[in-house]
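Listing of input_10.cif; format and content: mmCIF, C-alpha atoms and all ligand atoms.
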data_structure
#
loop_
_atom_site.group_PDB
_atom_site.id
_atom_site.type_symbol
_atom_site.label_atom_id
_atom_site.label_comp_id
_atom_site.auth_asym_id
_atom_site.auth_seq_id
_atom_site.Cartn_x
_atom_site.Cartn_y
_atom_site.Cartn_z
ATOM 1 C CA MET A 1 0.000 0.000 0.000
ATOM 2 C CA LEU A 2 1.378 3.422 -1.046
ATOM 3 C CA LEU A 3 0.913 6.987 0.168
ATOM 4 C CA ALA A 4 1.381 9.420 -2.744
ATOM 5 C CA ILE A 5 1.929 13.097 -1.866
ATOM 6 C CA ASP A 6 1.669 15.938 -4.402
ATOM 7 C CA ILE A 7 3.118 19.175 -3.000
ATOM 8 C CA GLY A 8 1.841 22.005 -5.198
ATOM 9 C CA ASN A 9 2.259 25.751 -4.815
ATOM 10 C CA THR A 10 -1.218 26.143 -3.264
ATOM 11 C CA ARG A 11 -2.153 22.883 -1.561
ATOM 12 C CA ILE A 12 -0.915 19.424 -0.688
ATOM 13 C CA LYS A 13 -2.884 16.505 -2.110
ATOM 14 C CA ALA A 14 -2.305 13.038 -0.663
ATOM 15 C CA ALA A 15 -3.790 9.721 -1.767
ATOM 16 C CA VAL A 16 -3.568 6.133 -0.520
ATOM 17 C CA PHE A 17 -3.221 3.515 -3.275
ATOM 18 C CA GLU A 18 -3.546 -0.260 -3.255
ATOM 19 C CA ASP A 19 -1.972 -1.096 -6.653
ATOM 20 C CA ASN A 20 -3.932 1.234 -8.997
ATOM 21 C CA THR A 21 -6.954 1.689 -6.718
ATOM 22 C CA LEU A 22 -7.249 5.029 -4.940
ATOM 23 C CA LEU A 23 -8.506 4.241 -1.434
ATOM 24 C CA ASP A 24 -8.528 7.717 0.115
ATOM 25 C CA LEU A 25 -7.812 11.336 -0.877
ATOM 26 C CA ILE A 26 -6.787 14.023 1.627
ATOM 27 C CA ILE A 27 -6.149 17.675 0.733
ATOM 28 C CA PHE A 28 -4.437 20.005 3.217
ATOM 29 C CA ASP A 29 -2.146 22.986 3.687
ATOM 30 C CA LYS A 30 1.628 22.707 4.039
ATOM 31 C CA LYS A 31 1.504 23.658 7.749
ATOM 32 C CA GLU A 32 -0.628 20.555 8.447
ATOM 33 C CA MET A 33 1.825 18.184 6.743
ATOM 34 C CA VAL A 34 3.189 16.265 9.761
ATOM 35 C CA GLU A 35 -0.123 15.772 11.555
ATOM 36 C CA LYS A 36 -1.956 14.778 8.361
ATOM 37 C CA ILE A 37 0.679 12.233 7.313
ATOM 38 C CA GLU A 38 0.726 10.718 10.804
ATOM 39 C CA PHE A 39 -3.099 10.568 10.753
ATOM 40 C CA ILE A 40 -3.055 8.749 7.376
ATOM 41 C CA LEU A 41 -0.354 6.280 8.511
ATOM 42 C CA GLU A 42 -2.404 5.464 11.619
ATOM 43 C CA LYS A 43 -5.553 5.002 9.527
ATOM 44 C CA PHE A 44 -3.854 2.833 6.854
ATOM 45 C CA LEU A 45 -1.457 0.576 8.743
ATOM 46 C CA LYS A 46 -0.557 -1.363 5.587
ATOM 47 C CA ILE A 47 1.208 1.602 3.946
ATOM 48 C CA THR A 48 4.779 0.429 3.265
ATOM 49 C CA SER A 49 6.036 3.284 1.061
ATOM 50 C CA ILE A 50 5.575 7.009 0.547
ATOM 51 C CA VAL A 51 6.245 8.734 -2.776
ATOM 52 C CA VAL A 52 6.549 12.523 -2.940
ATOM 53 C CA ALA A 53 6.472 14.937 -5.899
ATOM 54 C CA SER A 54 7.117 18.569 -5.059
ATOM 55 C CA VAL A 55 7.111 21.643 -7.328
ATOM 56 C CA GLY A 56 9.382 23.466 -4.893
ATOM 57 C CA ASN A 57 12.559 22.584 -3.025
ATOM 58 C CA MET A 58 11.530 20.015 -0.480
ATOM 59 C CA ASP A 59 12.029 20.631 3.258
ATOM 60 C CA LYS A 60 12.827 16.949 3.825
ATOM 61 C CA SER A 61 13.252 17.413 7.585
ATOM 62 C CA VAL A 62 9.507 16.819 7.843
ATOM 63 C CA PHE A 63 10.161 13.240 6.698
ATOM 64 C CA HIS A 64 13.257 12.495 8.805
ATOM 65 C CA THR A 65 11.324 10.864 11.652
ATOM 66 C CA LEU A 66 9.189 8.909 9.182
ATOM 67 C CA GLU A 67 12.214 7.658 7.243
ATOM 68 C CA LYS A 68 13.146 5.451 10.188
ATOM 69 C CA LYS A 69 9.978 3.369 9.860
ATOM 70 C CA ILE A 70 8.856 3.677 6.230
ATOM 71 C CA SER A 71 10.595 3.951 2.856
ATOM 72 C CA ILE A 72 10.195 7.374 1.256
ATOM 73 C CA HIS A 73 10.851 8.105 -2.442
ATOM 74 C CA PHE A 74 11.242 11.662 -3.721
ATOM 75 C CA ILE A 75 10.631 11.934 -7.466
ATOM 76 C CA SER A 76 13.459 14.001 -8.921
ATOM 77 C CA HIS A 77 15.075 14.723 -12.275
ATOM 78 C CA GLU A 78 17.184 11.599 -11.612
ATOM 79 C CA SER A 79 14.097 9.369 -11.460
ATOM 80 C CA GLN A 80 13.192 7.096 -14.385
ATOM 81 C CA PHE A 81 10.533 8.347 -16.817
ATOM 82 C CA PRO A 82 8.855 6.527 -19.768
ATOM 83 C CA PHE A 83 9.432 9.387 -22.211
ATOM 84 C CA ALA A 84 12.342 11.109 -23.949
ATOM 85 C CA ASN A 85 12.684 14.581 -22.428
ATOM 86 C CA LEU A 86 13.167 17.053 -25.292
ATOM 87 C CA TYR A 87 12.859 20.106 -23.013
ATOM 88 C CA THR A 88 15.923 22.243 -23.698
ATOM 89 C CA THR A 89 16.240 22.980 -19.950
ATOM 90 C CA PRO A 90 15.405 19.508 -18.545
ATOM 91 C CA LYS A 91 16.676 20.308 -15.049
ATOM 92 C CA THR A 92 14.279 23.262 -14.648
ATOM 93 C CA LEU A 93 11.208 21.324 -15.785
ATOM 94 C CA GLY A 94 8.662 21.003 -12.952
ATOM 95 C CA ILE A 95 8.589 17.559 -11.323
ATOM 96 C CA ASP A 96 4.790 17.838 -11.305
ATOM 97 C CA ARG A 97 4.847 18.241 -15.089
ATOM 98 C CA MET A 98 7.153 15.221 -15.468
ATOM 99 C CA VAL A 99 4.787 13.138 -13.335
ATOM 100 C CA LEU A 100 1.779 14.270 -15.404
ATOM 101 C CA ALA A 101 3.663 13.359 -18.598
ATOM 102 C CA THR A 102 4.439 9.926 -17.101
ATOM 103 C CA GLY A 103 0.767 9.280 -16.327
ATOM 104 C CA ALA A 104 -0.287 10.402 -19.816
ATOM 105 C CA THR A 105 2.393 8.190 -21.409
ATOM 106 C CA LEU A 106 1.477 5.060 -19.426
ATOM 107 C CA GLN A 107 -2.312 5.476 -19.288
ATOM 108 C CA PHE A 108 -2.766 6.487 -22.954
ATOM 109 C CA PRO A 109 -0.080 4.581 -24.912
ATOM 110 C CA ASN A 110 0.861 5.095 -28.566
ATOM 111 C CA GLN A 111 -0.933 8.408 -29.123
ATOM 112 C CA ASN A 112 -0.358 12.142 -28.814
ATOM 113 C CA ARG A 113 -1.397 13.488 -25.380
ATOM 114 C CA LEU A 114 -1.974 17.000 -24.033
ATOM 115 C CA VAL A 115 -2.227 17.342 -20.245
ATOM 116 C CA ILE A 116 -3.694 20.573 -18.849
ATOM 117 C CA ASP A 117 -3.297 21.054 -15.088
ATOM 118 C CA ALA A 118 -5.391 23.969 -13.777
ATOM 119 C CA GLY A 119 -3.879 24.659 -10.376
ATOM 120 C CA THR A 120 -1.864 27.574 -9.016
ATOM 121 C CA CYS A 121 -0.600 27.808 -12.573
ATOM 122 C CA ILE A 122 -2.242 26.337 -15.634
ATOM 123 C CA THR A 123 0.345 24.034 -17.167
ATOM 124 C CA TYR A 124 0.170 22.494 -20.640
ATOM 125 C CA ASP A 125 2.303 19.427 -21.308
ATOM 126 C CA PHE A 126 2.540 17.547 -24.597
ATOM 127 C CA VAL A 127 3.869 14.014 -25.121
ATOM 128 C CA ASP A 128 3.777 12.810 -28.728
ATOM 129 C CA GLU A 129 2.863 9.313 -29.946
ATOM 130 C CA ASP A 130 6.571 8.362 -29.960
ATOM 131 C CA ASN A 131 6.712 9.135 -26.209
ATOM 132 C CA ARG A 132 8.718 12.320 -26.659
ATOM 133 C CA TYR A 133 7.988 15.069 -24.116
ATOM 134 C CA LEU A 134 8.028 18.318 -26.114
ATOM 135 C CA GLY A 135 7.051 20.880 -23.418
ATOM 136 C CA GLY A 136 4.002 23.177 -23.461
ATOM 137 C CA ALA A 137 3.090 26.322 -21.536
ATOM 138 C CA ILE A 138 2.804 27.899 -18.089
ATOM 139 C CA SER A 139 -0.036 30.366 -17.453
ATOM 140 C CA PRO A 140 -1.481 32.004 -14.295
ATOM 141 C CA GLY A 141 -4.255 29.942 -12.657
ATOM 142 C CA ILE A 142 -7.665 31.227 -11.605
ATOM 143 C CA ARG A 143 -6.676 32.322 -8.107
ATOM 144 C CA LEU A 144 -3.493 33.990 -9.353
ATOM 145 C CA ARG A 145 -5.514 36.032 -11.849
ATOM 146 C CA TYR A 146 -8.104 37.244 -9.325
ATOM 147 C CA GLU A 147 -5.373 38.065 -6.801
ATOM 148 C CA SER A 148 -3.145 39.902 -9.267
ATOM 149 C CA LEU A 149 -6.066 42.056 -10.491
ATOM 150 C CA HIS A 150 -6.666 43.051 -6.857
ATOM 151 C CA GLN A 151 -3.025 43.360 -5.812
ATOM 152 C CA PHE A 152 -1.693 45.377 -8.735
ATOM 153 C CA THR A 153 -4.566 47.845 -9.201
ATOM 154 C CA ALA A 154 -5.876 50.724 -7.093
ATOM 155 C CA LYS A 155 -9.517 49.722 -6.804
ATOM 156 C CA LEU A 156 -10.327 46.225 -8.059
ATOM 157 C CA PRO A 157 -11.872 43.977 -5.373
ATOM 158 C CA LEU A 158 -10.598 40.476 -4.586
ATOM 159 C CA LEU A 159 -13.330 38.094 -5.765
ATOM 160 C CA ASN A 160 -13.910 34.389 -5.368
ATOM 161 C CA LYS A 161 -14.189 32.513 -8.656
ATOM 162 C CA ALA A 162 -17.648 32.482 -10.222
ATOM 163 C CA TYR A 163 -19.015 31.849 -13.698
ATOM 164 C CA PRO A 164 -19.549 35.088 -15.635
ATOM 165 C CA GLU A 165 -23.110 35.502 -16.836
ATOM 166 C CA TYR A 166 -22.095 37.319 -20.029
ATOM 167 C CA VAL A 167 -19.037 37.833 -22.210
ATOM 168 C CA ILE A 168 -19.745 41.558 -21.888
ATOM 169 C CA GLY A 169 -19.457 42.081 -18.159
ATOM 170 C CA ASN A 170 -22.081 44.676 -17.132
ATOM 171 C CA SER A 171 -20.533 45.540 -13.745
ATOM 172 C CA THR A 172 -17.098 45.668 -12.139
ATOM 173 C CA GLU A 173 -17.534 42.183 -10.685
ATOM 174 C CA GLU A 174 -18.969 40.768 -13.917
ATOM 175 C CA SER A 175 -16.100 42.353 -15.873
ATOM 176 C CA ILE A 176 -13.564 40.689 -13.586
ATOM 177 C CA HIS A 177 -15.297 37.287 -13.738
ATOM 178 C CA SER A 178 -15.539 37.543 -17.524
ATOM 179 C CA GLY A 179 -11.904 38.580 -17.819
ATOM 180 C CA VAL A 180 -10.662 35.769 -15.545
ATOM 181 C CA VAL A 181 -12.946 32.854 -16.337
ATOM 182 C CA ASN A 182 -13.720 33.548 -19.997
ATOM 183 C CA GLY A 183 -10.068 34.526 -20.391
ATOM 184 C CA ILE A 184 -8.950 31.112 -19.155
ATOM 185 C CA THR A 185 -11.520 29.048 -21.063
ATOM 186 C CA LEU A 186 -10.803 30.948 -24.280
ATOM 187 C CA GLU A 187 -7.088 30.485 -23.625
ATOM 188 C CA ILE A 188 -7.489 26.745 -23.149
ATOM 189 C CA ASP A 189 -9.766 26.322 -26.194
ATOM 190 C CA GLY A 190 -7.421 28.575 -28.160
ATOM 191 C CA PHE A 191 -4.341 26.544 -27.229
ATOM 192 C CA ILE A 192 -6.165 23.332 -28.188
ATOM 193 C CA GLU A 193 -6.915 24.824 -31.605
ATOM 194 C CA GLN A 194 -3.218 25.695 -31.979
ATOM 195 C CA TYR A 195 -2.187 22.130 -31.080
ATOM 196 C CA LYS A 196 -4.782 20.796 -33.564
ATOM 197 C CA ALA A 197 -3.066 22.818 -36.307
ATOM 198 C CA GLN A 198 0.101 20.780 -35.629
ATOM 199 C CA TYR A 199 -1.334 17.401 -34.585
ATOM 200 C CA ALA A 200 -4.381 15.891 -36.306
ATOM 201 C CA LYS A 201 -5.189 13.686 -33.320
ATOM 202 C CA PHE A 202 -4.422 13.895 -29.614
ATOM 203 C CA ILE A 203 -6.232 13.253 -26.375
ATOM 204 C CA ILE A 204 -6.697 15.969 -23.779
ATOM 205 C CA ILE A 205 -6.545 15.338 -20.026
ATOM 206 C CA LEU A 206 -7.654 18.181 -17.745
ATOM 207 C CA THR A 207 -6.685 18.020 -14.070
ATOM 208 C CA GLY A 208 -5.919 20.281 -11.098
ATOM 209 C CA GLY A 209 -8.011 21.971 -8.428
ATOM 210 C CA ASP A 210 -9.930 24.017 -10.996
ATOM 211 C CA ALA A 211 -10.495 21.214 -13.523
ATOM 212 C CA GLU A 212 -14.120 20.520 -12.591
ATOM 213 C CA PHE A 213 -14.951 24.217 -12.507
ATOM 214 C CA LEU A 214 -13.431 24.881 -15.945
ATOM 215 C CA ALA A 215 -14.497 21.650 -17.699
ATOM 216 C CA LYS A 216 -18.113 22.821 -17.785
ATOM 217 C CA ARG A 217 -17.176 25.862 -19.875
ATOM 218 C CA LEU A 218 -14.779 24.281 -22.380
ATOM 219 C CA LYS A 219 -15.844 23.613 -25.965
ATOM 220 C CA ASN A 220 -13.434 20.754 -26.572
ATOM 221 C CA THR A 221 -14.013 17.189 -25.382
ATOM 222 C CA ILE A 222 -11.568 16.398 -22.618
ATOM 223 C CA PHE A 223 -10.949 13.819 -19.908
ATOM 224 C CA ALA A 224 -11.496 15.810 -16.696
ATOM 225 C CA ASN A 225 -9.841 13.967 -13.784
ATOM 226 C CA SER A 226 -8.865 16.042 -10.748
ATOM 227 C CA ASN A 227 -6.889 13.076 -9.343
ATOM 228 C CA PHE A 228 -4.790 12.579 -12.476
ATOM 229 C CA LEU A 229 -1.565 13.868 -10.914
ATOM 230 C CA LEU A 230 -1.893 11.540 -7.910
ATOM 231 C CA GLU A 231 -2.701 8.572 -10.164
ATOM 232 C CA SER A 232 0.308 9.507 -12.293
ATOM 233 C CA LEU A 233 2.488 9.768 -9.172
ATOM 234 C CA ASN A 234 1.435 6.243 -8.196
ATOM 235 C CA GLN A 235 2.391 5.044 -11.680
ATOM 236 C CA THR A 236 5.687 6.965 -11.594
ATOM 237 C CA PHE A 237 6.498 5.211 -8.320
ATOM 238 C CA GLN A 238 5.684 1.794 -9.817
ATOM 239 C CA TYR A 239 7.728 2.642 -12.926
ATOM 240 C CA ASN A 240 10.737 3.348 -10.688
ATOM 241 C CA GLN A 241 10.382 0.068 -8.838
ATOM 242 C CA LYS A 242 11.152 -2.043 -11.931
HETATM 243 N N1 LIG B 1 -10.326 24.399 -0.889
HETATM 244 C C1 LIG B 1 -9.515 25.004 -1.791
HETATM 245 N N2 LIG B 1 -8.466 25.712 -1.361
HETATM 246 C C2 LIG B 1 -7.634 26.313 -2.278
HETATM 247 N N3 LIG B 1 -7.807 26.261 -3.610
HETATM 248 C C3 LIG B 1 -8.874 25.568 -4.046
HETATM 249 C C4 LIG B 1 -9.758 24.906 -3.179
HETATM 250 N N4 LIG B 1 -10.701 24.277 -3.924
HETATM 251 C C5 LIG B 1 -10.413 24.529 -5.192
HETATM 252 N N5 LIG B 1 -9.340 25.336 -5.281
HETATM 253 C C6 LIG B 1 -8.795 25.833 -6.526
HETATM 254 O O1 LIG B 1 -7.695 24.966 -6.814
HETATM 255 C C7 LIG B 1 -6.581 25.740 -7.233
HETATM 256 C C8 LIG B 1 -5.362 25.043 -6.683
HETATM 257 O O2 LIG B 1 -5.363 23.774 -7.344
HETATM 258 P P1 LIG B 1 -4.233 22.737 -7.046
HETATM 259 O O3 LIG B 1 -4.224 21.804 -8.212
HETATM 260 O O4 LIG B 1 -4.369 22.183 -5.681
HETATM 261 O O5 LIG B 1 -2.945 23.689 -7.078
HETATM 262 P P2 LIG B 1 -1.412 23.300 -6.871
HETATM 263 O O6 LIG B 1 -1.244 21.876 -7.337
HETATM 264 O O7 LIG B 1 -0.733 24.306 -7.751
HETATM 265 O O8 LIG B 1 -1.132 23.517 -5.425
HETATM 266 C C9 LIG B 1 -6.760 27.133 -6.675
HETATM 267 O O9 LIG B 1 -6.361 28.063 -7.668
HETATM 268 C C10 LIG B 1 -8.266 27.261 -6.427
HETATM 269 O O10 LIG B 1 -8.890 28.004 -7.472
HETATM 270 C C1 LIG B 2 4.798 25.773 -13.420
HETATM 271 C C2 LIG B 2 4.694 25.230 -12.017
HETATM 272 C C3 LIG B 2 4.894 26.343 -11.002
HETATM 273 C C4 LIG B 2 3.286 24.611 -11.831
HETATM 274 O O1 LIG B 2 3.089 24.327 -10.497
HETATM 275 P P1 LIG B 2 1.607 24.186 -9.838
HETATM 276 O O2 LIG B 2 0.671 25.030 -10.607
HETATM 277 O O3 LIG B 2 1.276 22.741 -9.998
HETATM 278 O O4 LIG B 2 1.745 24.605 -8.419
HETATM 279 C C5 LIG B 2 5.732 24.110 -11.816
HETATM 280 O O5 LIG B 2 5.563 23.123 -12.812
HETATM 281 C C6 LIG B 2 7.165 24.643 -11.910
HETATM 282 O O6 LIG B 2 7.660 25.187 -10.954
HETATM 283 N N1 LIG B 2 7.830 24.438 -13.113
HETATM 284 C C7 LIG B 2 9.203 24.844 -13.270
HETATM 285 C C8 LIG B 2 9.426 25.528 -14.602
HETATM 286 C C9 LIG B 2 9.112 24.658 -15.832
HETATM 287 O O7 LIG B 2 8.325 23.705 -15.710
HETATM 288 O O8 LIG B 2 9.690 24.927 -16.909
HETATM 289 K K K B 3 -0.551 23.152 -12.298
#
In structure tokens, what does this structure look like?
Amino acid sequence: MLLAIDIGNTRIKAAVFEDNTLLDLIIFDKKEMVEKIEFILEKFLKITSIVVASVGNMDKSVFHTLEKKISIHFISHESQFPFANLYTTPKTLGIDRMVLATGATLQFPNQNRLVIDAGTCITYDFVDEDNRYLGGAISPGIRLRYESLHQFTAKLPLLNKAYPEYVIGNSTEESIHSGVVNGITLEIDGFIEQYKAQYAKFIIILTGGDAEFLAKRLKNTIFANSNFLLESLNQTFQYNQK
């Protein structure tokens, strides 16, 4: 039994896996890390390994006590991946993006895949049918857009995400919602059209904390799976056990 931990820039997502079955999902803030991991290990006594993927530099001291009683694997640029990394700066590529590319490669073999992860940032990652990771894009996520409109202007309010009623926002709040939410959905649909100009066929996987919210407003058919990164982390762990 495996505990997979995805440390993003906003939240920590943890999942317990028995082979490829997700038994439990826990989402928490970084400051709750120790207590939450201890809670999970007490609840699932059969966990024998922990695998961690972190976008930032890991403070591994959190795991020092745990390392005495359980094996912990940190996915890094030195881990094994089932794709050829054609990124020209492979050592700066986000570990989260490499894990997403691994899941797309293993779960959807022999085809072009585009993974869109709508989290703190919206990341786009493309793996072609020959299992070559080509790269993609990094764009501000929903929260980042609302917060930057508030933080870098004199008068704009900080809003919680909501669907705009119209393209033409008829109030300050509606204008902000239209700019943020329509901006993102048009960006995503626009990027997909650009990829279609280069690749006749590819599948699209949408994940991240805002996947469900955005999926409803996207024109293109996509696989929306908010647990895709955790599933991919489980598969990355298995791939590194061979
Ligand atoms: N309870 C929540 N707390 C924080 N963000 C949330 C929550 N529920 C949904 N979200 C949305 O999820 C996004 C973060 O998604 P996530 O994939 O966890 O980010 P990351 O992996 O970058 O930490 C936020 O931008 C926010 O819009
Ligand atoms: C772009 C990211 C911040 C996305 O992180 P997230 O939205 O998942 O918190 C992360 O993938 C990252 O730090 N990437 C490093 C730069 C690169 O991928 O080229
Ligand atoms: K992301």
12 Å contact set for stretch 146-153 of chain A, only C-alpha atoms, chain neighbours under 4 positions out, as a VMD selection string:
chain A and resid 120 140 to 142 157 to 162 172 to 173 175 to 181 183 to 184
All residues 8 Å or closer to A:Glu174, all atoms listed in the file, same chain fewer than 4 positions away omitted, as a list in words:
Pro164, Glu165, Tyr166, Gly169, Asn170 and Ser178 of chain A
Using the file's own x, y and z axes, so that the box edges lie along x, y and z, what centre and edge lengths in Å (one decimal) does a box around every listed atom of ligand LIG 2 (chain B) get when 6 Å is added on each side? Give it as AutoDock Vina command-line options.
--center_x 5.2 --center_y 24.5 --center_z -12.7 --size_x 21.0 --size_y 15.6 --size_z 20.5
Exercise for the section: Find the residues around stretch 72-79 of chain A up to 10 Å (only C-alpha atoms counted), leave out those fewer than 3 positions away in its own chain, and share them as a count of residues only. Expected result: 33
Q) Near stretch 199-214 of chain A, within 6 Å and counting all atoms listed in the file, which residues show up once chain neighbours fewer than 5 positions away are dropped, as a ChimeraX atom specification? A) /A:112-119,222-226,228
Could those selected residues go to a file with C-alpha atoms, as a PDB file, in the coordinates of the input?
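The result, stored in part35.pdb:
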ATOM      1  CA  ASN A 112      -0.358  12.142 -28.814  1.00  0.00           C
ATOM      2  CA  ARG A 113      -1.397  13.488 -25.380  1.00  0.00           C
ATOM      3  CA  LEU A 114      -1.974  17.000 -24.033  1.00  0.00           C
ATOM      4  CA  VAL A 115      -2.227  17.342 -20.245  1.00  0.00           C
ATOM      5  CA  ILE A 116      -3.694  20.573 -18.849  1.00  0.00           C
ATOM      6  CA  ASP A 117      -3.297  21.054 -15.088  1.00  0.00           C
ATOM      7  CA  ALA A 118      -5.391  23.969 -13.777  1.00  0.00           C
ATOM      8  CA  GLY A 119      -3.879  24.659 -10.376  1.00  0.00           C
ATOM      9  CA  ILE A 222     -11.568  16.398 -22.618  1.00  0.00           C
ATOM     10  CA  PHE A 223     -10.949  13.819 -19.908  1.00  0.00           C
ATOM     11  CA  ALA A 224     -11.496  15.810 -16.696  1.00  0.00           C
ATOM     12  CA  ASN A 225      -9.841  13.967 -13.784  1.00  0.00           C
ATOM     13  CA  SER A 226      -8.865  16.042 -10.748  1.00  0.00           C
ATOM     14  CA  PHE A 228      -4.790  12.579 -12.476  1.00  0.00           C
TER      15      PHE A 228
END
Quick one: residues within 8 Å of A:Met1, all atoms listed in the file, excluding same-chain residues fewer than 4 positions away - as a PDB file with C-alpha atoms, in the coordinates of the input?
ATOM      1  CA  VAL A  16      -3.568   6.133  -0.520  1.00  0.00           C
ATOM      2  CA  PHE A  17      -3.221   3.515  -3.275  1.00  0.00           C
ATOM      3  CA  GLU A  18      -3.546  -0.260  -3.255  1.00  0.00           C
ATOM      4  CA  ASP A  19      -1.972  -1.096  -6.653  1.00  0.00           C
ATOM      5  CA  LYS A  46      -0.557  -1.363   5.587  1.00  0.00           C
ATOM      6  CA  ILE A  47       1.208   1.602   3.946  1.00  0.00           C
ATOM      7  CA  THR A  48       4.779   0.429   3.265  1.00  0.00           C
ATOM      8  CA  SER A  49       6.036   3.284   1.061  1.00  0.00           C
TER       9      SER A  49
END
Can you turn the PyMOL selection byres (((chain A and resi 220) around 8) and not hetatm) into a concrete residue list for this file, as a compact mmCIF listing (two decimals) with C-alpha atoms, keeping the file's coordinate frame?
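What ended up in out-v9.txt:
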# COMPACT_ATOMS: atom_id res chain seq x y z
CA ASP A 189 -9.77 26.32 -26.19
CA ILE A 192 -6.16 23.33 -28.19
CA LEU A 218 -14.78 24.28 -22.38
CA LYS A 219 -15.84 23.61 -25.96
CA THR A 221 -14.01 17.19 -25.38
CA ILE A 222 -11.57 16.40 -22.62
Evaluate the PyMOL selection byres (((chain A and resi 13) around 9) and not hetatm) on the structure here and hand back the selected residues as a PyMOL selection string. chain A and resi 4-8+11-12+14-15+25-29+227+230
Same residues, C-alpha atoms, output as a PDB file, in the coordinates of the input:
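Result written to part_39.pdb:
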ATOM      1  CA  ALA A   4       1.381   9.420  -2.744  1.00  0.00           C
ATOM      2  CA  ILE A   5       1.929  13.097  -1.866  1.00  0.00           C
ATOM      3  CA  ASP A   6       1.669  15.938  -4.402  1.00  0.00           C
ATOM      4  CA  ILE A   7       3.118  19.175  -3.000  1.00  0.00           C
ATOM      5  CA  GLY A   8       1.841  22.005  -5.198  1.00  0.00           C
ATOM      6  CA  ARG A  11      -2.153  22.883  -1.561  1.00  0.00           C
ATOM      7  CA  ILE A  12      -0.915  19.424  -0.688  1.00  0.00           C
ATOM      8  CA  ALA A  14      -2.305  13.038  -0.663  1.00  0.00           C
ATOM      9  CA  ALA A  15      -3.790   9.721  -1.767  1.00  0.00           C
ATOM     10  CA  LEU A  25      -7.812  11.336  -0.877  1.00  0.00           C
ATOM     11  CA  ILE A  26      -6.787  14.023   1.627  1.00  0.00           C
ATOM     12  CA  ILE A  27      -6.149  17.675   0.733  1.00  0.00           C
ATOM     13  CA  PHE A  28      -4.437  20.005   3.217  1.00  0.00           C
ATOM     14  CA  ASP A  29      -2.146  22.986   3.687  1.00  0.00           C
ATOM     15  CA  ASN A 227      -6.889  13.076  -9.343  1.00  0.00           C
ATOM     16  CA  LEU A 230      -1.893  11.540  -7.910  1.00  0.00           C
TER      17      LEU A 230
END
| task | Expand the PyMOL selection byres (((chain A and resi 135) around 6) and not hetatm) into the individual residues it matches in the shown file, reporting them as a list in words. | result | Tyr87, Asp125, Phe126, Tyr133, Leu134 and Gly136 of chain A
In Å and to one decimal, atom CA of A:Ala84 is distant from atom CA of A:Leu106 by 13.2 Å
